[in-house]
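Asker: If it helps, the file is called query.cif and holds mmCIF, C-alpha atoms and all ligand atoms:
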data_structure
#
loop_
_atom_site.label_atom_id
_atom_site.label_comp_id
_atom_site.auth_asym_id
_atom_site.auth_seq_id
_atom_site.Cartn_x
_atom_site.Cartn_y
_atom_site.Cartn_z
CA MET A 1 -12.39 27.81 -1.99
CA THR A 2 -14.06 25.36 0.40
CA ARG A 3 -11.44 23.44 2.26
CA ARG A 4 -11.74 19.67 2.08
CA GLY A 5 -11.72 17.73 5.35
CA VAL A 6 -9.10 14.98 5.59
CA ALA A 7 -8.95 12.03 7.99
CA ILE A 8 -5.55 10.37 8.31
CA LEU A 9 -5.78 6.77 9.46
CA GLY A 10 -2.33 5.67 10.60
CA SER A 11 -1.05 9.21 11.17
CA THR A 12 1.97 8.06 13.20
CA GLY A 13 3.39 5.88 10.42
CA SER A 14 5.69 6.59 7.51
CA ILE A 15 2.89 7.59 5.11
CA GLY A 16 0.87 9.27 7.89
CA THR A 17 3.71 11.58 8.91
CA THR A 18 4.46 12.33 5.24
CA ALA A 19 0.79 13.26 4.77
CA LEU A 20 0.88 15.60 7.77
CA ARG A 21 3.90 17.39 6.28
CA VAL A 22 2.11 17.75 2.93
CA LEU A 23 -1.14 18.96 4.50
CA ALA A 24 0.70 21.55 6.58
CA ARG A 25 1.78 23.20 3.31
CA HIS A 26 -1.82 23.47 2.03
CA PRO A 27 -3.93 25.01 4.78
CA ASP A 28 -5.94 26.89 2.13
CA ARG A 29 -7.12 23.65 0.48
CA PHE A 30 -7.34 21.10 3.28
CA ARG A 31 -8.46 20.97 6.88
CA LEU A 32 -7.38 18.13 9.15
CA ALA A 33 -10.54 16.48 10.50
CA ALA A 34 -9.28 13.29 12.14
CA LEU A 35 -6.14 11.39 13.16
CA THR A 36 -5.79 7.78 14.28
CA ALA A 37 -2.95 5.56 15.46
CA HIS A 38 -2.57 2.06 16.84
CA GLY A 39 -0.41 2.29 19.97
CA ASN A 40 1.92 5.26 19.61
CA ALA A 41 -0.05 7.54 21.93
CA ALA A 42 2.90 9.88 22.52
CA LEU A 43 3.36 10.81 18.86
CA LEU A 44 -0.40 10.95 18.32
CA ALA A 45 -0.72 13.40 21.21
CA GLU A 46 2.04 15.56 19.73
CA GLN A 47 0.28 15.57 16.35
CA ALA A 48 -3.07 16.36 17.97
CA VAL A 49 -1.63 19.32 19.87
CA ALA A 50 0.03 20.69 16.72
CA ALA A 51 -2.92 20.27 14.34
CA ARG A 52 -5.95 20.33 16.66
CA PRO A 53 -8.22 17.98 14.69
CA PRO A 54 -11.76 17.55 16.07
CA PHE A 55 -11.36 13.73 16.18
CA VAL A 56 -8.46 11.67 17.55
CA GLY A 57 -8.60 7.88 17.69
CA LEU A 58 -6.31 5.29 19.28
CA VAL A 59 -6.83 1.57 18.66
CA GLN A 60 -5.04 0.36 21.80
CA ASP A 61 -6.85 1.43 24.89
CA GLY A 62 -4.19 2.50 27.38
CA ARG A 63 -3.36 4.93 30.14
CA ASP A 64 -1.53 7.25 27.76
CA ALA A 65 -4.66 8.12 25.76
CA GLY A 66 -5.54 11.81 25.63
CA GLU A 67 -8.77 13.28 26.91
CA GLY A 68 -11.73 12.98 24.56
CA TRP A 69 -10.01 10.47 22.27
CA CYS A 70 -12.01 7.70 20.67
CA LEU A 71 -10.53 4.38 21.85
CA GLY A 72 -10.60 0.89 20.36
CA PRO A 73 -10.49 -0.71 16.89
CA ASP A 74 -13.73 0.94 15.72
CA CYS A 75 -12.08 4.39 15.84
CA LEU A 76 -10.86 3.88 12.26
CA ARG A 77 -14.39 3.45 10.94
CA GLN A 78 -15.70 6.28 13.10
CA ALA A 79 -13.07 8.65 11.74
CA ALA A 80 -13.84 7.57 8.17
CA VAL A 81 -17.59 8.23 8.28
CA ARG A 82 -17.57 11.68 9.88
CA ASP A 83 -19.62 14.35 8.10
CA ASP A 84 -16.69 16.78 8.17
CA VAL A 85 -14.45 14.28 6.33
CA ASP A 86 -14.29 14.42 2.51
CA ILE A 87 -11.10 12.41 2.01
CA VAL A 88 -9.96 9.42 4.05
CA LEU A 89 -6.23 8.85 3.73
CA ASN A 90 -6.01 5.20 4.70
CA ALA A 91 -2.41 4.62 5.75
CA VAL A 92 -2.79 1.83 8.30
CA VAL A 93 -0.89 -1.35 7.68
CA GLY A 94 -2.70 -4.61 6.96
CA SER A 95 -6.17 -5.97 6.34
CA VAL A 96 -7.52 -4.20 9.47
CA GLY A 97 -8.05 -1.17 7.22
CA LEU A 98 -10.86 -2.79 5.23
CA ASP A 99 -13.90 -1.68 7.28
CA ALA A 100 -12.87 1.97 7.20
CA THR A 101 -12.30 1.88 3.43
CA LEU A 102 -15.70 0.29 2.80
CA ALA A 103 -17.52 2.64 5.18
CA ALA A 104 -15.97 5.75 3.60
CA LEU A 105 -16.80 4.61 0.07
CA GLU A 106 -20.36 3.81 1.04
CA ARG A 107 -20.73 7.40 2.19
CA GLY A 108 -19.47 8.76 -1.11
CA LYS A 109 -16.05 9.85 0.14
CA ARG A 110 -12.70 9.70 -1.57
CA VAL A 111 -10.34 7.12 -0.14
CA ALA A 112 -6.71 8.06 -0.77
CA LEU A 113 -5.45 4.52 -0.42
CA ALA A 114 -2.00 3.60 0.81
CA ASN A 115 -3.37 0.54 2.64
CA LYS A 116 -3.11 -1.78 -0.39
CA GLU A 117 -3.85 -4.89 1.70
CA THR A 118 -7.47 -3.67 1.80
CA LEU A 119 -7.84 -3.87 -1.96
CA VAL A 120 -6.03 -7.19 -2.21
CA MET A 121 -8.18 -8.82 0.44
CA GLY A 122 -11.54 -7.49 -0.70
CA GLY A 123 -11.20 -5.93 -4.16
CA HIS A 124 -14.73 -6.82 -5.23
CA LEU A 125 -16.22 -5.59 -1.93
CA VAL A 126 -14.40 -2.29 -2.42
CA ALA A 127 -15.76 -2.00 -5.97
CA ALA A 128 -19.30 -2.76 -4.75
CA ALA A 129 -19.01 -0.15 -1.97
CA GLU A 130 -17.84 2.42 -4.54
CA ARG A 131 -20.85 1.66 -6.75
CA ARG A 132 -23.31 1.75 -3.87
CA GLY A 133 -22.10 4.93 -2.24
CA GLY A 134 -20.51 6.87 -5.09
CA GLY A 135 -17.11 7.07 -3.38
CA GLU A 136 -13.82 6.63 -5.18
CA VAL A 137 -10.44 5.07 -4.49
CA VAL A 138 -7.43 7.13 -5.54
CA PRO A 139 -4.11 5.31 -5.05
CA VAL A 140 -1.28 6.63 -2.90
CA ASP A 141 1.07 3.78 -3.84
CA SER A 142 3.71 5.43 -6.05
CA GLU A 143 3.40 2.90 -8.91
CA HIS A 144 -0.38 3.22 -9.10
CA SER A 145 -0.25 6.98 -8.75
CA ALA A 146 2.14 6.89 -11.73
CA VAL A 147 -0.22 4.69 -13.76
CA LEU A 148 -3.18 6.94 -12.95
CA GLN A 149 -1.19 9.97 -14.08
CA CYS A 150 0.03 8.24 -17.28
CA LEU A 151 -3.49 7.11 -18.18
CA SER A 152 -4.79 10.68 -17.87
CA GLY A 153 -8.34 9.47 -18.25
CA ARG A 154 -7.87 7.38 -21.43
CA PRO A 155 -10.17 4.33 -21.57
CA GLY A 156 -8.95 0.78 -20.86
CA VAL A 157 -9.37 -0.29 -24.52
CA GLU A 158 -6.50 2.05 -25.44
CA VAL A 159 -4.14 0.39 -22.94
CA ARG A 160 -2.01 -2.52 -24.14
CA ARG A 161 -0.35 -3.09 -20.77
CA VAL A 162 0.80 -1.52 -17.57
CA ILE A 163 4.40 -2.03 -16.47
CA LEU A 164 4.96 -1.65 -12.73
CA THR A 165 8.51 -0.90 -11.67
CA ALA A 166 10.15 -2.61 -8.68
CA SER A 167 13.38 -1.51 -7.01
CA GLY A 168 14.30 -5.17 -6.54
CA GLY A 169 14.86 -4.56 -2.83
CA PRO A 170 18.04 -5.19 -0.82
CA PHE A 171 18.48 -8.73 -2.23
CA ARG A 172 18.24 -7.85 -5.92
CA GLU A 173 21.73 -9.18 -6.62
CA TRP A 174 21.97 -11.88 -3.95
CA PRO A 175 22.38 -15.46 -5.20
CA ARG A 176 19.40 -17.59 -4.32
CA GLU A 177 21.30 -19.82 -1.82
CA ARG A 178 22.48 -16.78 0.12
CA LEU A 179 18.88 -15.65 0.75
CA GLU A 180 18.50 -18.51 3.27
CA ARG A 181 20.98 -16.70 5.49
CA ALA A 182 19.51 -13.19 5.05
CA THR A 183 18.93 -11.56 8.43
CA LEU A 184 16.21 -9.20 9.59
CA ALA A 185 18.69 -6.32 9.50
CA ASP A 186 19.58 -7.20 5.88
CA ALA A 187 15.88 -7.25 4.92
CA LEU A 188 15.21 -3.90 6.56
CA ARG A 189 18.00 -2.16 4.62
CA HIS A 190 15.97 -0.93 1.64
CA PRO A 191 18.15 0.63 -1.06
CA THR A 192 15.87 3.48 -2.20
CA TRP A 193 12.76 3.93 0.00
CA SER A 194 12.34 4.66 3.70
CA MET A 195 9.09 2.98 4.83
CA GLY A 196 7.41 1.08 7.67
CA ARG A 197 8.87 -2.31 8.63
CA LYS A 198 6.16 -4.53 7.15
CA ILE A 199 6.27 -3.02 3.65
CA THR A 200 10.07 -2.93 3.80
CA VAL A 201 10.12 -6.70 4.31
CA ASP A 202 7.46 -7.08 1.59
CA SER A 203 9.78 -5.18 -0.74
CA ALA A 204 12.62 -7.58 0.06
CA THR A 205 10.52 -10.71 -0.71
CA LEU A 206 8.74 -8.97 -3.64
CA ALA A 207 5.42 -9.88 -1.98
CA ASN A 208 4.87 -6.12 -2.16
CA LYS A 209 5.00 -6.27 -5.94
CA ALA A 210 2.47 -9.12 -5.96
CA LEU A 211 0.15 -7.02 -3.77
CA GLU A 212 0.66 -4.18 -6.25
CA VAL A 213 -0.18 -6.32 -9.29
CA ILE A 214 -3.47 -7.30 -7.63
CA GLU A 215 -4.01 -3.68 -6.61
CA ALA A 216 -3.52 -2.58 -10.25
CA HIS A 217 -5.95 -5.25 -11.44
CA TYR A 218 -8.69 -3.83 -9.24
CA LEU A 219 -7.86 -0.13 -9.60
CA PHE A 220 -7.60 -0.07 -13.38
CA GLY A 221 -9.80 -3.05 -14.31
CA LEU A 222 -6.99 -4.75 -16.24
CA PRO A 223 -6.62 -8.53 -16.66
CA TYR A 224 -3.46 -10.00 -15.14
CA ASP A 225 -1.82 -10.74 -18.50
CA ARG A 226 -1.78 -6.99 -19.16
CA ILE A 227 0.13 -6.14 -15.97
CA ASP A 228 3.90 -6.66 -16.10
CA VAL A 229 6.69 -6.01 -13.61
CA VAL A 230 10.21 -4.82 -14.38
CA VAL A 231 13.08 -4.19 -11.98
CA HIS A 232 14.31 -0.60 -11.99
CA PRO A 233 16.88 -0.23 -9.18
CA GLN A 234 16.94 3.58 -9.07
CA SER A 235 13.19 3.97 -8.26
CA ILE A 236 12.94 7.07 -10.47
CA VAL A 237 10.51 5.76 -13.09
CA HIS A 238 7.50 4.97 -10.93
CA SER A 239 5.66 2.95 -13.62
CA LEU A 240 4.83 2.93 -17.33
CA VAL A 241 1.72 2.55 -19.47
CA GLU A 242 1.98 1.13 -22.99
CA PHE A 243 -0.90 2.17 -25.23
CA VAL A 244 -2.30 0.24 -28.22
CA ASP A 245 -0.49 2.48 -30.71
CA GLY A 246 2.87 1.52 -29.13
CA SER A 247 3.40 4.78 -27.25
CA VAL A 248 4.80 4.28 -23.74
CA ILE A 249 4.21 6.97 -21.14
CA ALA A 250 6.08 6.93 -17.82
CA GLN A 251 5.94 9.06 -14.69
CA LEU A 252 9.25 10.05 -13.07
CA GLY A 253 10.36 11.62 -9.82
CA VAL A 254 12.76 11.15 -6.94
CA PRO A 255 11.80 8.35 -4.53
CA SER A 256 9.61 10.34 -2.14
CA MET A 257 6.00 9.67 -1.17
CA GLU A 258 5.18 13.39 -0.90
CA LEU A 259 4.01 13.73 -4.50
CA PRO A 260 1.85 10.56 -4.57
CA VAL A 261 0.24 11.65 -1.28
CA LEU A 262 -0.42 15.17 -2.58
CA TYR A 263 -1.74 13.90 -5.91
CA ALA A 264 -4.14 11.47 -4.20
CA LEU A 265 -5.62 14.47 -2.40
CA THR A 266 -5.85 16.82 -5.40
CA HIS A 267 -6.46 14.42 -8.34
CA PRO A 268 -7.25 15.24 -11.12
CA ASP A 269 -5.96 18.74 -10.36
CA ARG A 270 -2.31 19.61 -9.96
CA VAL A 271 -1.30 22.23 -7.45
CA PRO A 272 2.03 23.93 -6.82
CA ASP A 273 4.00 22.71 -3.81
CA ALA A 274 7.50 24.02 -3.20
CA GLY A 275 8.18 21.21 -0.71
CA ILE A 276 8.08 18.43 -3.30
CA PRO A 277 11.69 17.46 -4.07
CA ALA A 278 12.86 18.85 -7.42
CA PHE A 279 13.82 16.46 -10.22
CA ASP A 280 17.16 16.65 -12.01
CA PRO A 281 17.48 14.17 -14.89
CA VAL A 282 21.27 14.35 -14.91
CA ALA A 283 21.53 13.66 -11.17
CA ALA A 284 19.01 10.81 -11.57
CA SER A 285 21.07 9.11 -14.29
CA PRO A 286 21.59 6.39 -15.25
CA LEU A 287 18.16 4.75 -15.36
CA THR A 288 18.36 0.99 -15.85
CA PHE A 289 15.87 -1.87 -16.18
CA GLU A 290 16.25 -5.62 -15.72
CA PRO A 291 13.96 -8.66 -15.55
CA VAL A 292 12.65 -9.94 -12.22
CA ARG A 293 14.46 -13.05 -10.93
CA MET A 294 11.25 -15.00 -10.44
CA ASP A 295 13.08 -18.11 -9.13
CA ALA A 296 14.74 -16.15 -6.30
CA PHE A 297 11.57 -14.33 -5.20
CA PRO A 298 8.71 -16.88 -5.24
CA ALA A 299 6.33 -14.60 -3.33
CA LEU A 300 5.75 -12.57 -6.49
CA ARG A 301 4.63 -15.57 -8.52
CA LEU A 302 2.52 -16.91 -5.62
CA GLY A 303 0.71 -13.59 -5.25
CA VAL A 304 0.00 -13.13 -8.95
CA GLU A 305 -1.28 -16.74 -9.17
CA ALA A 306 -3.51 -16.04 -6.17
CA GLY A 307 -4.82 -12.93 -7.92
CA ARG A 308 -5.61 -14.92 -11.05
CA ALA A 309 -7.29 -17.68 -9.03
CA GLY A 310 -9.62 -15.17 -7.36
CA GLY A 311 -12.08 -16.25 -4.65
CA ALA A 312 -10.40 -16.10 -1.26
CA ALA A 313 -6.93 -16.78 -2.69
CA PRO A 314 -5.76 -13.11 -2.65
CA ALA A 315 -7.01 -12.76 0.94
CA VAL A 316 -5.18 -15.98 1.90
CA PHE A 317 -2.02 -14.71 0.19
CA ASN A 318 -2.25 -11.40 2.01
CA ALA A 319 -3.05 -12.80 5.45
CA ALA A 320 -0.41 -15.54 5.24
CA ASN A 321 2.13 -12.90 4.23
CA GLU A 322 1.10 -10.53 7.04
CA GLN A 323 1.39 -13.33 9.60
CA ALA A 324 4.69 -14.70 8.28
CA VAL A 325 6.21 -11.21 8.13
CA ALA A 326 5.12 -10.53 11.72
CA ILE A 327 6.86 -13.76 12.84
CA PHE A 328 9.95 -12.86 10.78
CA LEU A 329 10.02 -9.37 12.36
CA ASP A 330 9.96 -11.12 15.76
CA GLY A 331 13.12 -12.95 14.72
CA ARG A 332 11.50 -16.40 14.93
CA ILE A 333 11.80 -17.57 11.29
CA GLY A 334 14.21 -17.06 8.42
CA PHE A 335 13.72 -14.86 5.38
CA THR A 336 12.90 -17.67 2.94
CA ASP A 337 10.36 -19.11 5.39
CA ILE A 338 8.06 -16.20 4.54
CA ALA A 339 7.41 -17.43 1.00
CA ALA A 340 7.27 -21.04 2.20
CA GLY A 341 4.57 -20.08 4.72
CA ILE A 342 2.57 -18.29 2.04
CA SER A 343 2.88 -21.22 -0.33
CA GLY A 344 1.69 -23.71 2.30
CA ALA A 345 -1.31 -21.56 3.21
CA LEU A 346 -2.32 -21.15 -0.43
CA ASP A 347 -2.04 -24.90 -1.06
CA ALA A 348 -4.24 -25.68 1.93
CA LEU A 349 -6.73 -22.80 1.79
CA GLY A 350 -6.51 -21.06 -1.58
CA ALA A 351 -9.74 -22.60 -2.84
CA MET A 352 -11.86 -21.25 0.02
CA PRO A 353 -14.84 -19.11 -1.05
CA GLY A 354 -14.31 -15.37 -1.01
CA ASP A 355 -17.59 -13.91 -2.18
CA THR A 356 -18.75 -12.31 1.08
CA ARG A 357 -17.15 -10.34 3.86
CA GLU A 358 -17.68 -13.25 6.26
CA ALA A 359 -16.01 -15.68 3.85
CA LEU A 360 -13.01 -13.36 3.47
CA ASP A 361 -12.68 -12.93 7.23
CA ALA A 362 -12.78 -16.72 7.63
CA ALA A 363 -10.09 -17.16 4.96
CA ASP A 364 -7.95 -14.43 6.52
CA ALA A 365 -8.18 -16.04 9.97
CA ALA A 366 -7.54 -19.55 8.62
CA ALA A 367 -4.45 -18.38 6.72
CA ARG A 368 -2.99 -16.69 9.81
CA ARG A 369 -3.66 -19.82 11.88
CA HIS A 370 -2.10 -22.04 9.22
CA VAL A 371 1.12 -20.00 9.22
CA ARG A 372 1.30 -19.85 13.03
CA ASP A 373 0.80 -23.64 13.27
CA ARG A 374 3.45 -24.30 10.64
CA PHE A 375 6.04 -22.32 12.58
CA GLY A 376 4.86 -23.42 16.02
CA CYS A 377 3.86 -19.92 17.12
P1 LIG B 401 4.00 2.17 9.24
O1 LIG B 401 4.24 0.90 9.94
O2 LIG B 401 5.07 3.19 9.20
O3 LIG B 401 2.71 2.88 9.87
C1 LIG B 401 1.51 2.18 10.08
C2 LIG B 401 0.47 3.07 10.70
O4 LIG B 401 -0.71 2.30 10.94
C3 LIG B 401 0.88 3.64 12.07
O5 LIG B 401 0.23 4.86 12.24
C4 LIG B 401 0.33 2.59 13.04
O6 LIG B 401 0.08 3.13 14.34
C5 LIG B 401 -0.97 2.21 12.35
N1 LIG B 401 -1.38 0.85 12.65
C6 LIG B 401 -0.59 -0.26 12.71
N2 LIG B 401 -1.32 -1.35 13.01
C7 LIG B 401 -2.59 -0.93 13.14
C8 LIG B 401 -3.81 -1.58 13.51
N3 LIG B 401 -3.85 -2.89 13.77
N4 LIG B 401 -4.92 -0.84 13.57
C9 LIG B 401 -4.89 0.49 13.30
N5 LIG B 401 -3.78 1.17 12.98
C10 LIG B 401 -2.64 0.46 12.89
O7 LIG B 401 3.51 1.79 7.77
P2 LIG B 401 3.67 2.61 6.41
O8 LIG B 401 3.26 4.04 6.63
O9 LIG B 401 4.97 2.33 5.80
O10 LIG B 401 2.58 1.88 5.50
C11 LIG B 401 1.19 2.08 5.67
C12 LIG B 401 0.46 1.48 4.49
O11 LIG B 401 0.86 2.17 3.31
C13 LIG B 401 0.77 0.00 4.24
O12 LIG B 401 -0.36 -0.63 3.74
C14 LIG B 401 1.85 0.06 3.16
O13 LIG B 401 1.85 -1.10 2.36
C15 LIG B 401 1.38 1.27 2.36
N6 LIG B 401 2.43 1.95 1.60
C16 LIG B 401 3.49 2.52 2.24
C17 LIG B 401 4.49 3.17 1.54
C18 LIG B 401 5.61 3.85 2.24
O14 LIG B 401 6.40 4.53 1.58
N7 LIG B 401 5.74 3.73 3.55
C19 LIG B 401 4.45 3.23 0.07
C20 LIG B 401 3.28 2.64 -0.51
C21 LIG B 401 2.31 2.01 0.24
P3 LIG B 401 1.23 3.10 15.50
O15 LIG B 401 2.33 3.99 15.00
O16 LIG B 401 0.52 3.66 16.67
O17 LIG B 401 1.66 1.68 15.64
MG MG B 402 4.60 0.85 -4.23
#
How would this structure read if it were set down as structure tokens?

Answerer:
Amino acid sequence: MTRRGVAILGSTGSIGTTALRVLARHPDRFRLAALTAHGNAALLAEQAVAARPPFVGLVQDGRDAGEGWCLGPDCLRQAAVRDDVDIVLNAVVGSVGLDATLAALERGKRVALANKETLVMGGHLVAAAERRGGGEVVPVDSEHSAVLQCLSGRPGVEVRRVILTASGGPFREWPRERLERATLADALRHPTWSMGRKITVDSATLANKALEVIEAHYLFGLPYDRIDVVVHPQSIVHSLVEFVDGSVIAQLGVPSMELPVLYALTHPDRVPDAGIPAFDPVAASPLTFEPVRMDAFPALRLGVEAGRAGGAAPAVFNAANEQAVAIFLDGRIGFTDIAAGISGALDALGAMPGDTREALDAADAAARRHVRDRFGC
């Protein structure tokens, strides 16, 4: 068997370290070709010593960089286009991942995509790059991995709707008024998943679910009125697909990203892996579902409306969210200010054009500026 070369962009993060664990169990199938990180040179160096990839990239140029490393923001793209790379696992956080995704697709590679912001910001650019270069996006996000597995290749005309599950986050049961007083520590206490800080906050506001609805729209070519969201606090059912004959197929598993990461690498094949946590239906019980409290979590509605509006609106939604979350993580605004910041940016900038890369970059920058100005940062 020829081993497939894998580049991990964002190897020091939650998904990146999960991917390294998974890859270490499959040395017969995969070969690590490249690793990149943003600023965590110490962990990157440790990973590079352990796995000895031919390419190591660090975005932040600093004294701690190892010898022979590629330095600066372009290292992501350089890792993605290497000839010895077949699969680019894009696990960086934020819209900065877009160039690497596009470049890999244009060279016919598979992009195992955790970096959902890329697809939200530039879904049509990603689709065009796939068409031009023959590459493919395979989702790492657990909900979209579930949908892909439930679809098992059936055509879109057979799908009545997709139902994405949401844990509901740490504030699922909080009264709306109490959310004004939610602290950063409260927001970072996710009930079922252990993830990076930005997506953990996104899960608390439900902006993450809005990003995922837009992601599903682009990945599976479904209109927004055929993508629903339901709260499922146990995070065992990762999503469901309802077919036109009324059959509903779901994918289940314990809340761990190991399986979605593995499946994004091997799709459509399934391979044995003793490290994937075993599933016990009795231990997982009970499984419950409830409606989303749309009034308490306005970021979900704002994001889905932005998706429907198209143009630059999804990019504005994403960038305003990224900026507001960064300010929240710095402790400078309250939890409910995040959705307010997104809403203001969409009102002011949502109608900007979004047809080209330049237009999207302009919308992204304008949205970040708008949020910073609003909060005096
Ligand atoms: P983390 O914050 O844990 O890790 C982010 C990674 O990206 C780190 O390696 C970090 O490097 C790197 N990075 C951060 N900023 C930049 C930048 N500006 N340029 C280049 N690299 C950068 O995030 P997660 O692993 O949790 O999430 C990664 C992506 O996967 C996100 O898009 C998230 O939405 C998505 N995702 C995550 C899930 C999860 O379970 N964690 C589930 C589904 C999707 P450094 O460590 O050096 O700062
Ligand atoms: Mg998800």

Asker: Taking all atoms listed in the file into account, which residues are within 6 Å of ligand LIG 401 (chain B), as a list of chain:residue names?

Answerer: A:Gly10, A:Ser11, A:Thr12, A:Gly13, A:Ser14, A:Ile15, A:Gly16, A:Ala37, A:His38, A:Gly39, A:Asn40, A:Val59, A:Ala91, A:Val92, A:Val93, A:Gly94, A:Val96, A:Ala114, A:Asn115, A:Lys116, A:Glu117, A:Asp141, A:Met195, A:Gly196, A:Arg197, A:Ile199, A:Met257

Asker: Would you mind listing what lies within 6 Å of Val111 in chain A as a PDB file with C-alpha atoms, in the coordinates of the input, with only C-alpha atoms counted and same-chain residues fewer than 2 positions away left out?

Answerer:
ATOM      1  CA  ILE A  87     -11.100  12.410   2.010  1.00  0.00           C
ATOM      2  CA  VAL A  88      -9.960   9.420   4.050  1.00  0.00           C
ATOM      3  CA  LEU A  89      -6.230   8.850   3.730  1.00  0.00           C
ATOM      4  CA  LEU A 113      -5.450   4.520  -0.420  1.00  0.00           C
ATOM      5  CA  VAL A 137     -10.440   5.070  -4.490  1.00  0.00           C
TER       6      VAL A 137
END

Asker: What is the distance, in Å and to one decimal place, between CA of Pro191 in chain A and CA of Phe171 in chain A?

Answerer: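 These atoms are spaced 9.4 Å apart.
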
Asker: Quick one: which chain A residues come within 7 Å of ligand MG 402 (chain B), and what is the nearest atom pair for each with the distance in Å to one decimal, counting all atoms listed in the file, rows ordered by chain and ascending number, as a tab-separated table?

Answerer:
residue	atom	partner	partner_atom	distance
A:Asp141	CA	B:MG402	MG	4.6
A:Ser142	CA	B:MG402	MG	5.0
A:Glu143	CA	B:MG402	MG	5.2
A:Glu212	CA	B:MG402	MG	6.7

Asker: Using all atoms listed in the file, pick whichever of A:Ala207, A:Val248, A:Leu219, A:Ile327 has the shortest atom-to-atom distance to Pro314 in chain A.

Answerer: A:Ala207

Asker: List the neighbours of Asp74 in chain A out to 9 Å using all atoms listed in the file; skip same-chain residues closer than 5 positions along the sequence, and give me the result as a ChimeraX atom specification.

Answerer: /A:57,59,79,99-100

Asker: Any chance you can output those residues with C-alpha atoms as a PDB file, in the frame of the given file?

Answerer:
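File written: result11.pdb
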ATOM      1  CA  GLY A  57      -8.600   7.880  17.690  1.00  0.00           C
ATOM      2  CA  VAL A  59      -6.830   1.570  18.660  1.00  0.00           C
ATOM      3  CA  ALA A  79     -13.070   8.650  11.740  1.00  0.00           C
ATOM      4  CA  ASP A  99     -13.900  -1.680   7.280  1.00  0.00           C
ATOM      5  CA  ALA A 100     -12.870   1.970   7.200  1.00  0.00           C
TER       6      ALA A 100
END

Asker: So that I can check the surroundings of Gly331 in chain A, please list as a PyMOL selection string every protein, DNA and RNA residue that reaches within 12 Å of it, counting all atoms listed in the file and ignoring chain neighbours fewer than 2 positions away.

Answerer: chain A and resi 182-185+187+324-329+333-335+337-338+375+377

Asker: Tell me, as a ChimeraX atom specification, which residues lie within 12 Å of Gly68 in chain A, counting all atoms listed in the file; anything in the same chain fewer than 5 positions away does not count.

Answerer: /A:45,48,53-58

Asker: Kindly give the distance, in Å, that separates CA of Gly156 in chain A and CA of His238 in chain A, rounded to a single decimal.

Answerer: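 Between these atoms lies a distance of 19.7 Å.
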
Asker: In terms of the shortest atom-to-atom distance over all atoms listed in the file, which of A:Ile8, A:Cys70, A:Ile214, A:Leu23 is closest to Glu305 in chain A?

Answerer: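 Going through A:Ile8, A:Cys70, A:Ile214, A:Leu23 one by one, the smallest distance to Glu305 in chain A is for A:Ile214.
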
Asker: Which distance in Å separates CA of Pro27 in chain A and CA of Lys109 in chain A, to one decimal?

Answerer: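 Answer for the CA of Pro27 in chain A to CA of Lys109 in chain A separation: 20.0 Å.
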
Asker: Counting all atoms listed in the file, which residue out of A:Arg176, A:Arg63, A:Arg160, A:Arg308 sits closest to Val241 in chain A?

Answerer: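 Looking at the shortest contact to Val241 in chain A, the residue is A:Arg160.
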
Asker: With distances taken over only C-alpha atoms, which residue among A:Ala319, A:Leu240, A:Leu206, A:Leu43 lies nearest Val162 in chain A?

Answerer: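 Of A:Ala319, A:Leu240, A:Leu206, A:Leu43, the one nearest Val162 in chain A is A:Leu240, counting only C-alpha atoms.
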